[in-house]
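Asker: Dropping a structure here in structure tokens format, bear with me for questions.
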Amino acid sequence: MASTFKPKQALDFDGALLQELQGDVSDSIARQLLRELPPLTASSVVHDNGCGYGAVTMAICGSNPPAGLTIHATDVNPMFLARMQAKL
């Protein structure tokens, strides 16, 4: 069950702000992970859980992925998903 409680001090981050604060740290980590994992194939299914603004999904898309690859990107924050969808 999802909780609607949010502390008063909690900030509303959108994807653009988070990306600005983090710089390219997540992007660099995502690219490094792709170099260390076995190659993706046409039948691969990737679940980018807690995708944020989409560093992993964007790294995969930028790595010339095989046709047929499936990526499921999920996040609890709809603003992150909207930002990633706009980039795709």
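Ligands are numbered from 1 in the order shown, residues from 1 within each chain, and chains are lettered A, B, ... in the order they appear in the structure tokens.
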Quick one: residues within 7 Å of range 72-82 of chain A, only C-alpha atoms counted, chain neighbours fewer than 4 positions away excluded, as a ChimeraX atom specification?

Answerer: /A:14-15,46-53,86

Asker: Convert the current residue selection to file output with N, CA and C atoms, as a tab-separated table (two decimals), in the first residue's frame.

Answerer:
```
chain	number	residue	atom	x	y	z
A	14	ASP	N	12.33	17.53	-9.07
A	14	ASP	CA	11.95	17.02	-10.38
A	14	ASP	C	13.22	16.49	-11.04
A	15	GLY	N	13.05	15.81	-12.15
A	15	GLY	CA	14.17	15.18	-12.81
A	15	GLY	C	15.27	16.15	-13.20
A	46	VAL	N	15.23	-5.65	-19.32
A	46	VAL	CA	15.87	-4.86	-18.27
A	46	VAL	C	14.79	-4.15	-17.48
A	47	HIS	N	14.86	-4.25	-16.15
A	47	HIS	CA	13.96	-3.48	-15.29
A	47	HIS	C	14.79	-2.42	-14.60
A	48	ASP	N	14.65	-1.19	-15.04
A	48	ASP	CA	15.34	-0.05	-14.44
A	48	ASP	C	14.47	0.44	-13.29
A	49	ASN	N	14.58	-0.24	-12.14
A	49	ASN	CA	13.75	0.04	-10.98
A	49	ASN	C	14.31	1.25	-10.23
A	50	GLY	N	13.45	2.20	-9.90
A	50	GLY	CA	13.91	3.43	-9.27
A	50	GLY	C	14.74	4.22	-10.26
A	51	CYS	N	14.23	4.34	-11.47
A	51	CYS	CA	15.00	4.86	-12.60
A	51	CYS	C	15.39	6.32	-12.47
A	52	GLY	N	14.74	7.07	-11.58
A	52	GLY	CA	15.07	8.49	-11.48
A	52	GLY	C	14.84	9.16	-12.81
A	53	TYR	N	15.80	9.94	-13.25
A	53	TYR	CA	15.64	10.63	-14.52
A	53	TYR	C	16.10	9.75	-15.70
A	86	ALA	N	10.22	12.42	-21.85
A	86	ALA	CA	10.47	13.56	-22.75
A	86	ALA	C	11.82	13.41	-23.43
```

Asker: Taking only C-alpha atoms into account, which of A:Pro39, A:Gly54, A:Pro7, A:Pro65 comes nearest Arg83 in chain A?

Answerer: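 That would be A:Gly54, the residue with the smallest distance to Arg83 in chain A.
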
Asker: Mind listing the strand (DSSP E) residues of chain A, per DSSP on the backbone, as a list in words?

Answerer: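 Result set for chain A (strand (DSSP E)): Val45, Val46, His47, Asp48, Asn49, Thr70, Ile71, His72, Ala73 and Thr74 of chain A.
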
Asker: Would you mind exporting the chosen residues as a short mmCIF file (atom, residue, chain, number, x, y, z; two decimals), in the first residue's frame, restricted to C-alpha atoms?

Answerer:
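Below is the file that was written, result-v5.cif:
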```
data_model
loop_
_atom_site.label_atom_id
_atom_site.label_comp_id
_atom_site.auth_asym_id
_atom_site.auth_seq_id
_atom_site.Cartn_x
_atom_site.Cartn_y
_atom_site.Cartn_z
CA VAL A 45 14.54 -7.66 -20.49
CA VAL A 46 15.87 -4.86 -18.27
CA HIS A 47 13.96 -3.48 -15.29
CA ASP A 48 15.34 -0.05 -14.44
CA ASN A 49 13.75 0.04 -10.98
CA THR A 70 12.81 -4.57 -23.67
CA ILE A 71 13.32 -1.95 -20.96
CA HIS A 72 10.82 -1.40 -18.13
CA ALA A 73 11.63 1.82 -16.28
CA THR A 74 9.75 2.44 -13.04
#
```

Asker: I'd like the neighbourhood of Ile29 in chain A as a PyMOL selection string, where a residue qualifies if any of its atoms comes within 12 Å (using only C-alpha atoms), though same-chain residues fewer than 5 positions away should be ignored.

Answerer: chain A and resi 22-24+34-36+55-56+58-59

Asker: Using only N, CA, C and O atoms, please write the residues we just selected to a file, as a compact mmCIF listing (two decimals), in the first residue's frame.

Answerer:
```txt
# COMPACT_ATOMS: atom_id res chain seq x y z
N GLN A 22 23.25 16.25 -9.28
CA GLN A 22 24.12 15.08 -9.36
C GLN A 22 25.20 15.22 -10.42
O GLN A 22 26.19 14.49 -10.38
N GLY A 23 25.00 16.08 -11.38
CA GLY A 23 25.95 16.15 -12.49
C GLY A 23 25.87 14.87 -13.30
O GLY A 23 24.79 14.35 -13.55
N ASP A 24 27.02 14.33 -13.69
CA ASP A 24 27.00 13.12 -14.52
C ASP A 24 27.38 11.86 -13.74
O ASP A 24 27.77 10.85 -14.33
N LEU A 34 27.29 -1.05 -17.66
CA LEU A 34 27.05 -1.69 -18.96
C LEU A 34 28.31 -2.34 -19.51
O LEU A 34 28.23 -3.37 -20.18
N ARG A 35 29.48 -1.78 -19.21
CA ARG A 35 30.73 -2.39 -19.68
C ARG A 35 31.03 -3.68 -18.92
O ARG A 35 31.70 -4.56 -19.45
N GLU A 36 30.55 -3.79 -17.69
CA GLU A 36 30.88 -4.94 -16.85
C GLU A 36 29.86 -6.08 -16.94
O GLU A 36 30.17 -7.20 -16.57
N ALA A 55 19.10 7.46 -16.00
CA ALA A 55 20.52 7.31 -16.34
C ALA A 55 20.81 5.94 -16.95
O ALA A 55 21.48 5.84 -17.97
N VAL A 56 20.28 4.88 -16.35
CA VAL A 56 20.54 3.53 -16.87
C VAL A 56 19.84 3.32 -18.20
O VAL A 56 20.45 2.87 -19.17
N MET A 58 18.91 5.55 -20.37
CA MET A 58 19.53 6.37 -21.40
C MET A 58 20.90 5.81 -21.80
O MET A 58 21.27 5.86 -22.98
N ALA A 59 21.65 5.25 -20.85
CA ALA A 59 22.94 4.64 -21.18
C ALA A 59 22.73 3.43 -22.09
O ALA A 59 23.48 3.22 -23.04
```
